[in-house]
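A.B. asks: Please find entry-v2.cif (mmCIF, C-alpha atoms) on the next line:
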data_structure
#
loop_
_atom_site.label_atom_id
_atom_site.label_comp_id
_atom_site.auth_asym_id
_atom_site.auth_seq_id
_atom_site.Cartn_x
_atom_site.Cartn_y
_atom_site.Cartn_z
CA MET A 1492 -36.90 -31.40 -44.08
CA SER A 1493 -36.82 -31.94 -40.35
CA VAL A 1494 -35.00 -29.37 -38.24
CA ALA A 1495 -33.59 -32.20 -36.19
CA SER A 1496 -31.86 -33.49 -39.30
CA ALA A 1497 -30.11 -30.15 -39.98
CA ASP A 1498 -26.39 -30.65 -40.25
CA PRO A 1499 -24.64 -28.74 -37.43
CA ARG A 1500 -21.56 -28.51 -39.66
CA ALA A 1501 -23.46 -26.06 -41.86
CA VAL A 1502 -23.34 -23.55 -38.99
CA GLN A 1503 -19.73 -24.23 -38.03
CA PRO A 1504 -17.93 -22.15 -40.73
CA ARG A 1505 -19.97 -19.06 -39.88
CA ALA A 1506 -19.44 -19.60 -36.15
CA GLU A 1507 -15.70 -19.98 -36.63
CA ALA A 1508 -15.59 -16.77 -38.68
CA SER A 1509 -17.49 -14.93 -35.94
CA ALA A 1510 -15.11 -16.32 -33.35
CA ARG A 1511 -12.13 -15.09 -35.35
CA ARG A 1512 -13.67 -11.62 -35.62
CA ALA A 1513 -14.40 -11.48 -31.87
CA GLY A 1514 -11.38 -13.45 -30.70
CA THR A 1515 -8.37 -12.51 -28.63
CA PRO A 1516 -6.75 -9.96 -30.98
CA ARG A 1517 -9.55 -7.44 -30.45
CA PRO A 1518 -9.37 -7.47 -26.60
CA LEU A 1519 -5.58 -7.22 -26.77
CA LEU A 1520 -5.86 -4.29 -29.18
CA TRP A 1521 -8.41 -2.63 -26.91
CA GLU A 1522 -6.16 -3.08 -23.87
CA ALA A 1523 -3.23 -1.60 -25.77
CA LEU A 1524 -5.39 1.35 -26.81
CA VAL A 1525 -6.62 2.01 -23.24
CA VAL A 1526 -3.16 1.76 -21.70
CA GLY A 1527 -1.69 3.85 -24.51
CA LEU A 1528 -4.21 6.65 -24.00
CA PHE A 1529 -3.62 6.51 -20.27
CA ALA A 1530 0.15 6.73 -20.83
CA ILE A 1531 -0.28 9.78 -23.08
CA VAL A 1532 -2.40 11.58 -20.48
CA VAL A 1533 0.03 10.79 -17.65
CA LEU A 1534 3.26 11.56 -19.49
CA THR A 1535 1.96 14.88 -20.80
CA MET A 1536 0.58 16.00 -17.44
CA PRO A 1537 3.40 18.47 -16.70
CA PHE A 1538 2.44 20.35 -19.87
CA TRP A 1539 -1.37 20.43 -19.72
CA ILE A 1540 -1.64 20.84 -15.95
CA ILE A 1541 -0.17 24.34 -16.38
CA TRP A 1542 -3.27 25.30 -18.39
CA ILE A 1543 -5.38 24.80 -15.25
CA ASN A 1544 -3.01 26.71 -12.95
CA GLY A 1545 -1.09 23.61 -11.87
CA TYR A 1546 2.68 23.09 -11.62
CA GLN A 1547 5.38 20.41 -11.92
CA VAL A 1548 5.52 19.32 -8.28
CA LEU A 1549 1.74 18.92 -8.20
CA ALA A 1550 1.95 16.60 -11.20
CA ASN A 1551 4.54 14.51 -9.34
CA HIS A 1552 2.31 14.24 -6.28
CA ILE A 1553 -0.74 13.36 -8.37
CA VAL A 1554 1.09 10.49 -10.08
CA ILE A 1555 2.36 9.13 -6.76
CA TRP A 1556 -1.02 9.36 -5.01
CA ALA A 1557 -2.68 7.84 -8.06
CA MET A 1558 -0.47 4.79 -7.53
CA PHE A 1559 -1.60 4.66 -3.90
CA ALA A 1560 -5.29 4.95 -4.87
CA LEU A 1561 -4.93 2.35 -7.63
CA GLY A 1562 -3.56 -0.22 -5.21
CA PHE A 1563 -6.23 0.62 -2.67
CA ASP A 1564 -8.90 -0.04 -5.30
CA ILE A 1565 -7.54 -3.55 -5.89
CA LEU A 1566 -8.38 -4.36 -2.28
CA LEU A 1567 -11.60 -2.38 -1.85
CA GLY A 1568 -12.98 -2.49 -5.37
CA LEU A 1569 -12.31 -6.15 -6.14
CA THR A 1570 -12.62 -7.85 -2.76
CA GLY A 1571 -14.80 -5.34 -0.89
CA TYR A 1572 -12.43 -5.05 2.09
CA LEU A 1573 -12.27 -1.46 3.34
CA SER A 1574 -8.98 -0.69 5.06
CA PHE A 1575 -8.72 2.33 7.33
CA GLY A 1576 -5.03 1.64 7.98
CA HIS A 1577 -3.55 1.49 4.51
CA ALA A 1578 -1.30 4.39 5.42
CA ALA A 1579 0.74 1.83 7.37
CA PHE A 1580 2.21 0.50 4.11
CA PHE A 1581 2.65 3.96 2.64
CA GLY A 1582 4.47 5.18 5.74
CA VAL A 1583 6.49 2.03 6.44
CA ALA A 1584 7.79 2.06 2.88
CA ALA A 1585 8.71 5.74 3.22
CA TYR A 1586 10.63 5.19 6.46
CA VAL A 1587 12.41 2.06 5.22
CA ALA A 1588 13.36 3.80 1.98
CA GLY A 1589 14.61 6.87 3.86
CA LEU A 1590 16.73 4.78 6.23
CA SER A 1591 18.08 2.80 3.30
CA PHE A 1592 19.15 6.00 1.53
CA LYS A 1593 20.88 7.20 4.69
CA LEU A 1594 22.50 3.97 5.85
CA VAL A 1595 22.98 1.77 2.77
CA SER A 1596 23.16 3.66 -0.51
CA SER A 1597 21.72 6.71 -2.20
CA ASP A 1598 20.85 4.59 -5.24
CA ILE A 1599 17.17 3.74 -5.48
CA ILE A 1600 17.61 0.12 -6.62
CA PRO A 1601 18.95 -1.26 -3.29
CA ALA A 1602 16.40 0.86 -1.45
CA MET A 1603 13.59 -0.55 -3.61
CA ILE A 1604 14.65 -4.13 -2.87
CA ILE A 1605 14.94 -3.52 0.88
CA THR A 1606 11.58 -1.72 0.92
CA GLY A 1607 9.92 -4.59 -0.96
CA ILE A 1608 11.20 -7.15 1.55
CA ALA A 1609 10.06 -5.03 4.51
CA LEU A 1610 6.62 -4.49 2.95
CA THR A 1611 6.16 -8.21 2.36
CA ILE A 1612 6.93 -8.97 6.00
CA VAL A 1613 4.67 -6.21 7.34
CA GLY A 1614 1.88 -7.11 4.90
CA LEU A 1615 1.96 -10.79 5.82
CA PHE A 1616 1.92 -9.97 9.53
CA ILE A 1617 -0.94 -7.46 9.42
CA GLY A 1618 -2.88 -9.44 6.81
CA TYR A 1619 -2.63 -12.66 8.81
CA LEU A 1620 -4.17 -10.98 11.84
CA THR A 1621 -6.77 -8.77 10.14
CA LEU A 1622 -8.10 -10.94 7.32
CA LYS A 1623 -9.55 -13.36 9.83
CA ARG A 1624 -12.36 -10.82 10.13
CA SER A 1625 -14.45 -8.97 7.58
CA GLY A 1626 -16.66 -5.92 7.36
CA ILE A 1627 -16.34 -3.23 10.00
CA TYR A 1628 -14.21 -5.52 12.19
CA PHE A 1629 -11.55 -5.73 9.48
CA SER A 1630 -11.66 -1.96 9.01
CA ILE A 1631 -11.23 -1.25 12.72
CA LEU A 1632 -8.37 -3.75 13.00
CA THR A 1633 -6.49 -2.15 10.13
CA LEU A 1634 -7.03 1.27 11.71
CA ALA A 1635 -5.67 -0.03 15.01
CA PHE A 1636 -2.53 -1.44 13.40
CA GLY A 1637 -1.96 1.76 11.47
CA GLU A 1638 -2.21 3.88 14.61
CA MET A 1639 0.06 1.52 16.55
CA ILE A 1640 2.77 1.83 13.90
CA HIS A 1641 2.29 5.60 13.87
CA ALA A 1642 2.72 5.74 17.64
CA LEU A 1643 5.74 3.43 17.43
CA VAL A 1644 7.72 5.60 15.01
CA LYS A 1645 7.04 8.66 17.21
CA SER A 1646 8.08 6.92 20.43
CA SER A 1647 11.25 7.89 22.24
CA ALA A 1648 12.66 4.39 21.80
CA LEU A 1649 12.91 4.81 18.03
CA GLN A 1650 13.30 8.55 17.85
CA GLN A 1651 16.99 8.33 16.94
CA TRP A 1652 16.04 6.27 13.88
CA THR A 1653 12.72 7.81 12.84
CA GLY A 1654 13.14 11.41 14.01
CA GLY A 1655 10.01 11.32 16.15
CA ASP A 1656 7.55 14.14 15.50
CA ASN A 1657 10.03 15.88 13.21
CA GLY A 1658 10.14 12.99 10.79
CA LEU A 1659 13.14 11.55 8.98
CA THR A 1660 15.38 14.30 7.62
CA ASP A 1661 18.87 14.73 6.13
CA ILE A 1662 18.24 12.12 3.44
CA PRO A 1663 21.00 12.33 0.82
CA ASN A 1664 20.33 13.08 -2.83
CA ARG A 1665 18.73 10.09 -4.53
CA THR A 1666 20.39 8.61 -7.60
CA LEU A 1667 19.74 5.96 -10.23
CA LEU A 1668 22.92 4.29 -11.50
CA GLY A 1669 24.86 7.39 -10.57
CA ILE A 1670 22.39 9.86 -12.11
CA ARG A 1671 20.93 12.34 -9.67
CA LEU A 1672 17.13 12.26 -9.71
CA GLU A 1673 15.76 15.75 -10.16
CA GLU A 1674 12.05 16.55 -10.19
CA ASP A 1675 11.57 15.92 -13.90
CA LEU A 1676 13.38 12.57 -13.78
CA VAL A 1677 11.39 11.56 -10.69
CA PHE A 1678 8.20 12.35 -12.59
CA ILE A 1679 9.23 10.21 -15.55
CA LEU A 1680 10.15 7.34 -13.22
CA SER A 1681 6.89 7.65 -11.27
CA ALA A 1682 4.82 7.94 -14.45
CA ILE A 1683 6.38 4.81 -15.96
CA ILE A 1684 5.76 2.86 -12.76
CA LEU A 1685 2.15 4.10 -12.65
CA ILE A 1686 1.53 3.11 -16.28
CA VAL A 1687 2.95 -0.37 -15.69
CA GLY A 1688 0.95 -0.64 -12.48
CA PHE A 1689 -2.24 0.38 -14.28
CA ALA A 1690 -1.69 -2.19 -17.05
CA ALA A 1691 -0.98 -4.88 -14.43
CA ALA A 1692 -4.09 -3.92 -12.43
CA ARG A 1693 -6.28 -4.23 -15.53
CA GLN A 1694 -4.87 -7.67 -16.22
CA ILE A 1695 -5.46 -8.68 -12.61
CA LYS A 1696 -9.07 -7.53 -12.83
CA ARG A 1697 -9.69 -9.44 -16.08
CA SER A 1698 -7.84 -12.60 -15.03
CA PRO A 1699 -9.34 -15.68 -13.32
CA PHE A 1700 -7.67 -14.42 -10.15
CA GLY A 1701 -9.59 -11.16 -10.44
CA LEU A 1702 -12.82 -13.04 -11.05
CA MET A 1703 -12.22 -14.98 -7.84
CA LEU A 1704 -11.66 -11.73 -5.95
CA ARG A 1705 -14.96 -10.35 -7.22
CA ALA A 1706 -16.67 -13.60 -6.29
CA ILE A 1707 -15.27 -13.20 -2.78
CA LYS A 1708 -16.75 -9.71 -2.72
CA GLU A 1709 -20.18 -11.09 -3.62
CA ASN A 1710 -20.36 -14.20 -1.44
CA PRO A 1711 -17.19 -15.57 0.24
CA MET A 1712 -19.11 -18.17 2.23
CA ARG A 1713 -20.44 -19.84 -0.91
CA LEU A 1714 -16.91 -20.09 -2.28
CA GLU A 1715 -15.72 -21.68 0.93
CA TYR A 1716 -18.46 -24.29 0.65
CA THR A 1717 -17.19 -25.17 -2.83
CA GLY A 1718 -13.71 -25.85 -1.44
CA VAL A 1719 -11.98 -22.61 -2.47
CA ASN A 1720 -9.29 -21.34 -0.14
CA VAL A 1721 -10.79 -17.86 0.23
CA TRP A 1722 -8.22 -16.68 2.77
CA ARG A 1723 -5.37 -17.32 0.34
CA TYR A 1724 -6.99 -15.14 -2.34
CA LYS A 1725 -7.69 -12.38 0.17
CA MET A 1726 -4.10 -12.45 1.39
CA ALA A 1727 -2.80 -12.25 -2.17
CA ALA A 1728 -5.01 -9.23 -2.92
CA TYR A 1729 -3.97 -7.62 0.37
CA LEU A 1730 -0.27 -8.04 -0.42
CA ILE A 1731 -0.68 -6.70 -3.96
CA SER A 1732 -2.51 -3.67 -2.62
CA ALA A 1733 0.18 -3.17 0.03
CA MET A 1734 2.89 -3.26 -2.66
CA TYR A 1735 1.15 -0.52 -4.62
CA ALA A 1736 0.82 1.61 -1.49
CA GLY A 1737 4.44 0.91 -0.58
CA MET A 1738 5.64 1.90 -4.03
CA ALA A 1739 3.81 5.20 -3.62
CA GLY A 1740 5.50 5.72 -0.24
CA PHE A 1741 8.87 4.88 -1.76
CA LEU A 1742 8.39 7.38 -4.60
CA ILE A 1743 7.31 10.18 -2.28
CA VAL A 1744 10.66 9.89 -0.50
CA VAL A 1745 12.55 9.83 -3.80
CA LEU A 1746 10.74 13.04 -4.71
CA GLU A 1747 10.87 15.00 -1.46
CA GLY A 1748 13.89 13.61 0.38
CA TYR A 1749 11.94 13.77 3.62
CA VAL A 1750 9.65 11.44 5.59
CA ALA A 1751 6.86 12.95 7.67
CA SER A 1752 5.29 11.08 10.55
CA GLU A 1753 1.89 12.06 9.11
CA TYR A 1754 2.45 9.50 6.36
CA LEU A 1755 1.41 6.89 8.94
CA TYR A 1756 -1.46 8.87 10.42
CA TRP A 1757 -5.09 7.85 9.91
CA THR A 1758 -5.80 10.98 7.87
CA THR A 1759 -3.58 9.60 5.11
CA SER A 1760 -5.77 6.50 4.96
CA GLY A 1761 -8.85 8.71 5.01
CA GLU A 1762 -7.62 10.70 2.02
CA VAL A 1763 -7.19 7.62 -0.14
CA VAL A 1764 -10.68 6.45 0.88
CA ILE A 1765 -12.13 9.80 -0.23
CA MET A 1766 -10.21 9.57 -3.50
CA SER A 1767 -11.66 6.13 -4.20
CA VAL A 1768 -15.24 7.05 -3.33
CA ILE A 1769 -15.22 10.28 -5.35
CA GLY A 1770 -13.54 8.65 -8.33
CA GLY A 1771 -15.47 5.38 -8.37
CA VAL A 1772 -14.69 2.23 -6.41
CA GLY A 1773 -13.88 -0.85 -8.47
CA THR A 1774 -13.12 1.00 -11.71
CA LEU A 1775 -9.32 1.32 -11.32
CA ILE A 1776 -9.29 4.57 -13.29
CA GLY A 1777 -11.81 6.21 -10.96
CA PRO A 1778 -9.66 6.36 -7.79
CA MET A 1779 -6.84 7.91 -9.82
CA MET A 1780 -9.27 10.55 -11.06
CA GLY A 1781 -10.24 11.08 -7.42
CA ALA A 1782 -6.57 11.55 -6.52
CA PHE A 1783 -6.23 14.22 -9.20
CA PHE A 1784 -9.40 15.95 -8.04
CA LEU A 1785 -8.50 15.97 -4.33
CA LEU A 1786 -4.91 17.12 -4.81
CA TYR A 1787 -5.97 19.80 -7.28
CA PHE A 1788 -8.51 21.10 -4.79
CA GLU A 1789 -6.00 20.99 -1.96
CA ASN A 1790 -3.24 22.82 -3.82
CA VAL A 1791 -4.87 25.01 -6.48
CA VAL A 1792 -8.46 25.72 -5.42
CA GLN A 1793 -7.34 26.38 -1.86
CA ALA A 1794 -5.12 29.19 -3.12
CA GLU A 1795 -8.15 30.77 -4.78
CA ILE A 1796 -10.81 30.45 -2.06
CA GLY A 1797 -8.74 29.87 1.09
CA GLU A 1798 -9.95 27.55 3.84
CA GLN A 1799 -13.40 27.42 2.25
CA TRP A 1800 -12.05 24.70 -0.03
CA LEU A 1801 -12.86 22.15 2.66
CA LEU A 1802 -16.51 23.23 2.58
CA VAL A 1803 -16.61 22.94 -1.20
CA LEU A 1804 -14.89 19.56 -1.07
CA GLY A 1805 -17.39 18.34 1.51
CA LEU A 1806 -20.31 19.46 -0.66
CA VAL A 1807 -18.84 17.70 -3.70
CA PHE A 1808 -18.28 14.54 -1.66
CA MET A 1809 -21.88 14.58 -0.38
CA PHE A 1810 -23.23 15.17 -3.88
CA MET A 1811 -21.23 12.25 -5.32
CA VAL A 1812 -22.20 9.85 -2.55
CA ILE A 1813 -25.91 10.74 -2.69
CA PHE A 1814 -26.53 11.27 -6.39
CA VAL A 1815 -23.62 9.55 -8.17
CA PRO A 1816 -22.46 6.72 -5.90
CA GLY A 1817 -20.42 5.30 -8.76
CA GLY A 1818 -18.12 8.33 -8.70
CA PHE A 1819 -16.62 10.32 -11.55
CA ALA A 1820 -16.04 7.18 -13.60
CA ASP A 1821 -19.71 6.24 -13.49
CA LEU A 1822 -20.75 9.85 -14.18
CA ILE A 1823 -18.57 9.94 -17.31
CA ARG A 1824 -19.87 6.56 -18.44
CA LYS A 1825 -23.52 7.61 -18.06
CA THR A 1826 -22.89 10.92 -19.81
CA TRP A 1827 -21.20 9.16 -22.72
CA ARG A 1828 -24.05 6.68 -23.05
CA GLY A 1829 -26.58 9.50 -23.05
CA ILE A 1830 -24.72 11.34 -25.80
CA ASP A 1831 -24.27 8.15 -27.80
CA LYS A 1832 -28.00 7.38 -27.68
CA ARG A 1833 -28.87 10.85 -28.97
CA VAL A 1834 -26.29 10.80 -31.74
CA ARG A 1835 -26.89 7.29 -33.00
CA PRO A 1836 -30.25 5.49 -33.18
CA ARG A 1837 -30.51 2.26 -31.28
CA ARG A 1838 -29.38 -0.73 -33.31
CA HIS A 1839 -29.90 -4.37 -32.49
CA ASN A 1840 -26.62 -6.18 -33.05
CA VAL A 1841 -27.76 -9.65 -34.12
CA PRO A 1842 -24.97 -11.96 -35.30
CA ASP A 1843 -25.20 -13.40 -38.77
CA MET A 1844 -26.64 -16.92 -38.79
CA GLU A 1845 -27.44 -19.50 -41.38
CA PRO A 1846 -31.16 -19.95 -42.14
CA ASN A 1847 -31.14 -23.45 -40.67
CA ALA A 1848 -29.45 -22.18 -37.51
CA ASP A 1849 -32.02 -19.40 -37.21
CA ARG A 1850 -34.91 -21.85 -37.35
CA LEU A 1851 -33.04 -24.18 -35.02
CA ALA A 1852 -32.83 -21.40 -32.42
CA GLY A 1853 -36.50 -20.47 -32.74
CA GLU A 1854 -38.35 -23.78 -33.28
CA PRO A 1855 -38.59 -27.05 -31.40
CA ARG A 1856 -36.17 -29.75 -32.53
CA THR A 1857 -39.04 -32.13 -33.23
CA GLY A 1858 -40.77 -29.74 -35.63
CA SER A 1859 -40.58 -29.86 -39.40
CA VAL A 1860 -40.11 -27.19 -41.98
#
Give the structure from the file, written as structure tokens.
C.D. replies:
Amino acid sequence: MSVASADPRAVQPRAEASARRAGTPRPLLWEALVVGLFAIVVLTMPFWIIWINGYQVLANHIVIWAMFALGFDILLGLTGYLSFGHAAFFGVAAYVAGLSFKLVSSDIIPAMIITGIALTIVGLFIGYLTLKRSGIYFSILTLAFGEMIHALVKSSALQQWTGGDNGLTDIPNRTLLGIRLEEDLVFILSAIILIVGFAAARQIKRSPFGLMLRAIKENPMRLEYTGVNVWRYKMAAYLISAMYAGMAGFLIVVLEGYVASEYLYWTTSGEVVIMSVIGGVGTLIGPMMGAFFLLYFENVVQAEIGEQWLLVLGLVFMFMVIFVPGGFADLIRKTWRGIDKRVRPRRHNVPDMEPNADRLAGEPRTGSV
């Protein structure tokens, strides 16, 4: 019998069965499993962080900074645009939220709406002017805008509104539908927002939009030649990242009831860059691990070894950049693969095929059996 005369319909039932086994339910189940495990780790943090000499307020700060780092990774990890002025969104959101609590209402819902509108305007303005450039030019422009906003809030012209060097103080107690938000309630609120933000970020990364962002990271000029509006995708990613950073700035005010001018300083942007590099750029979970690591070092390890913690942190940062450029996420992935290879022998996963289909894949169509 000629291979060319093999009926393709003989292969179709097996192919359909394989498609059903590897179809959409399995990815959806995997996503639910990943987000569920992440939610368990985050929501139980106030309990297990005590085992490593942590405390409740540290858990709150870790969750908030993890939101900041997660949004930063959407811009840097997916599109490859390194911003040195991302603290502008963190600080602007903090100041707008603080003023809203003082002048409008102590409830967080009106403040969240006002902060979202202000962030959209600021993000569109800065993004329109900075995204015209790429590489180091984009980074320097974002740094310049961040420092200009920092200088503006400290100027004498706005001191009566921003508090100048002293920051914004005397913010009333924050509430949600009349319920006063204590530290534990703020943690639950921040944790829920982080979990939702993590699930949304994973969907963005897996979506066609996320694929376009990664294509822009690889070769934006080629996409432009194919007729894709690259600037529109970059602006969308920039605004999404700004919203994540702004939400973190909003939550830090809900937690502390105080806005420091350092929230807009370049060191705040530098910290989130370090978090992303140590954790693993482009992995989403990595920058959040970096946030946990940096804040733990800054608050717990510093109490043990004093100012030498900066030296230890610098050594860790150098080690990760030189030997594990993929960060903690890549280190964990490589370690897991090494353990898996030792535990289980290598197995070639070849899908089941009909005999005719097997010969069809391995022999010329003009051959005969």
A.B. asks: Compare A:Ser1646, A:Ser1597, A:Asn1544, A:Ser1574 by their minimum atom-to-atom distance to A:Ser1760, counting all atoms listed in the file, and give me the closest one.
C.D. replies: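 Checking each candidate against A:Ser1760, we get A:Ser1574 as the closest.
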A.B. asks: Can you tell me, as a PyMOL selection string, what residues are no more than 7 Å from stretch 1683-1694 of chain A when counting only C-alpha atoms, ignoring any on the same chain fewer than 6 positions away?
C.D. replies: chain A and resi 1526+1530+1554+1558
A.B. asks: In Å to one decimal, how far is atom CA of A:Leu1610 from atom CA of A:Gly1654?
C.D. replies: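 The value is 20.4 Å.
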A.B. asks: Which residues fall under the PyMOL selection byres ((chain A and resi 1589) around 9) in this file, as number ranges by chain?
C.D. replies: A: 1584-1588, 1590-1594, 1602, 1659-1660, 1662-1663, 1741, 1744-1745, 1748-1750
A.B. asks: Provide the atom CA of A:Gly1777 to atom CA of A:Ala1820 distance in Å, to one decimal place.
C.D. replies: 5.1 Å
A.B. asks: Could you list the residues chosen by the PyMOL selection byres ((chain A and resi 1803-1817) around 12) in this structure as a compact mmCIF listing (two decimals) with C-alpha atoms, keeping the file's coordinate frame?
C.D. replies:
# COMPACT_ATOMS: atom_id res chain seq x y z
CA GLY A 1568 -12.98 -2.49 -5.37
CA GLU A 1762 -7.62 10.70 2.02
CA VAL A 1764 -10.68 6.45 0.88
CA ILE A 1765 -12.13 9.80 -0.23
CA MET A 1766 -10.21 9.57 -3.50
CA SER A 1767 -11.66 6.13 -4.20
CA VAL A 1768 -15.24 7.05 -3.33
CA ILE A 1769 -15.22 10.28 -5.35
CA GLY A 1770 -13.54 8.65 -8.33
CA GLY A 1771 -15.47 5.38 -8.37
CA VAL A 1772 -14.69 2.23 -6.41
CA GLY A 1773 -13.88 -0.85 -8.47
CA THR A 1774 -13.12 1.00 -11.71
CA GLY A 1777 -11.81 6.21 -10.96
CA PRO A 1778 -9.66 6.36 -7.79
CA GLY A 1781 -10.24 11.08 -7.42
CA PHE A 1784 -9.40 15.95 -8.04
CA LEU A 1785 -8.50 15.97 -4.33
CA LEU A 1786 -4.91 17.12 -4.81
CA TYR A 1787 -5.97 19.80 -7.28
CA PHE A 1788 -8.51 21.10 -4.79
CA GLU A 1789 -6.00 20.99 -1.96
CA VAL A 1792 -8.46 25.72 -5.42
CA GLN A 1793 -7.34 26.38 -1.86
CA ILE A 1796 -10.81 30.45 -2.06
CA GLY A 1797 -8.74 29.87 1.09
CA GLU A 1798 -9.95 27.55 3.84
CA GLN A 1799 -13.40 27.42 2.25
CA TRP A 1800 -12.05 24.70 -0.03
CA LEU A 1801 -12.86 22.15 2.66
CA LEU A 1802 -16.51 23.23 2.58
CA GLY A 1818 -18.12 8.33 -8.70
CA PHE A 1819 -16.62 10.32 -11.55
CA ALA A 1820 -16.04 7.18 -13.60
CA ASP A 1821 -19.71 6.24 -13.49
CA LEU A 1822 -20.75 9.85 -14.18
CA ILE A 1823 -18.57 9.94 -17.31
CA ARG A 1824 -19.87 6.56 -18.44
CA LYS A 1825 -23.52 7.61 -18.06
CA THR A 1826 -22.89 10.92 -19.81
A.B. asks: Using atom CA of A:Leu1569 and atom CA of A:Ile1555 as the two end points, give the distance in Å to one decimal.
C.D. replies: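 Answer for the atom CA of A:Leu1569 to atom CA of A:Ile1555 separation: 21.2 Å.
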A.B. asks: Smallest atom-to-atom distance to A:Thr1606: which of A:Ala1736, A:Ala1635, A:Leu1524, A:Ala1782, using only C-alpha atoms?
C.D. replies: A:Ala1736
A.B. asks: Supply stretch 1724-1737 of chain A as a PDB file, keeping the file's coordinate frame, with N, CA and C atoms built in where the input has gaps.
C.D. replies:
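Generated output (out20.pdb):
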ATOM      1  N   TYR A1724      -6.722 -16.178  -1.339  1.00  0.00           N
ATOM      2  CA  TYR A1724      -6.990 -15.140  -2.340  1.00  0.00           C
ATOM      3  C   TYR A1724      -7.033 -13.763  -1.685  1.00  0.00           C
ATOM      4  N   LYS A1725      -7.631 -13.666  -0.517  1.00  0.00           N
ATOM      5  CA  LYS A1725      -7.690 -12.380   0.170  1.00  0.00           C
ATOM      6  C   LYS A1725      -6.292 -11.903   0.554  1.00  0.00           C
ATOM      7  N   MET A1726      -5.461 -12.820   1.024  1.00  0.00           N
ATOM      8  CA  MET A1726      -4.100 -12.450   1.390  1.00  0.00           C
ATOM      9  C   MET A1726      -3.311 -11.988   0.175  1.00  0.00           C
ATOM     10  N   ALA A1727      -3.501 -12.661  -0.952  1.00  0.00           N
ATOM     11  CA  ALA A1727      -2.800 -12.250  -2.170  1.00  0.00           C
ATOM     12  C   ALA A1727      -3.226 -10.847  -2.593  1.00  0.00           C
ATOM     13  N   ALA A1728      -4.525 -10.572  -2.563  1.00  0.00           N
ATOM     14  CA  ALA A1728      -5.010  -9.230  -2.920  1.00  0.00           C
ATOM     15  C   ALA A1728      -4.496  -8.188  -1.926  1.00  0.00           C
ATOM     16  N   TYR A1729      -4.446  -8.550  -0.657  1.00  0.00           N
ATOM     17  CA  TYR A1729      -3.970  -7.620   0.370  1.00  0.00           C
ATOM     18  C   TYR A1729      -2.499  -7.279   0.147  1.00  0.00           C
ATOM     19  N   LEU A1730      -1.689  -8.284  -0.184  1.00  0.00           N
ATOM     20  CA  LEU A1730      -0.270  -8.040  -0.420  1.00  0.00           C
ATOM     21  C   LEU A1730      -0.047  -7.212  -1.679  1.00  0.00           C
ATOM     22  N   ILE A1731      -0.803  -7.492  -2.730  1.00  0.00           N
ATOM     23  CA  ILE A1731      -0.680  -6.700  -3.960  1.00  0.00           C
ATOM     24  C   ILE A1731      -1.023  -5.238  -3.689  1.00  0.00           C
ATOM     25  N   SER A1732      -2.112  -5.023  -2.963  1.00  0.00           N
ATOM     26  CA  SER A1732      -2.510  -3.670  -2.620  1.00  0.00           C
ATOM     27  C   SER A1732      -1.458  -2.985  -1.753  1.00  0.00           C
ATOM     28  N   ALA A1733      -0.864  -3.735  -0.824  1.00  0.00           N
ATOM     29  CA  ALA A1733       0.180  -3.170   0.030  1.00  0.00           C
ATOM     30  C   ALA A1733       1.408  -2.788  -0.785  1.00  0.00           C
ATOM     31  N   MET A1734       1.741  -3.577  -1.814  1.00  0.00           N
ATOM     32  CA  MET A1734       2.890  -3.260  -2.660  1.00  0.00           C
ATOM     33  C   MET A1734       2.658  -1.965  -3.440  1.00  0.00           C
ATOM     34  N   TYR A1735       1.459  -1.772  -3.931  1.00  0.00           N
ATOM     35  CA  TYR A1735       1.150  -0.520  -4.620  1.00  0.00           C
ATOM     36  C   TYR A1735       1.281   0.667  -3.666  1.00  0.00           C
ATOM     37  N   ALA A1736       0.719   0.538  -2.472  1.00  0.00           N
ATOM     38  CA  ALA A1736       0.820   1.610  -1.490  1.00  0.00           C
ATOM     39  C   ALA A1736       2.271   1.853  -1.090  1.00  0.00           C
ATOM     40  N   GLY A1737       3.024   0.772  -0.930  1.00  0.00           N
ATOM     41  CA  GLY A1737       4.440   0.910  -0.580  1.00  0.00           C
ATOM     42  C   GLY A1737       5.246   1.569  -1.673  1.00  0.00           C
TER      43      GLY A1737
END
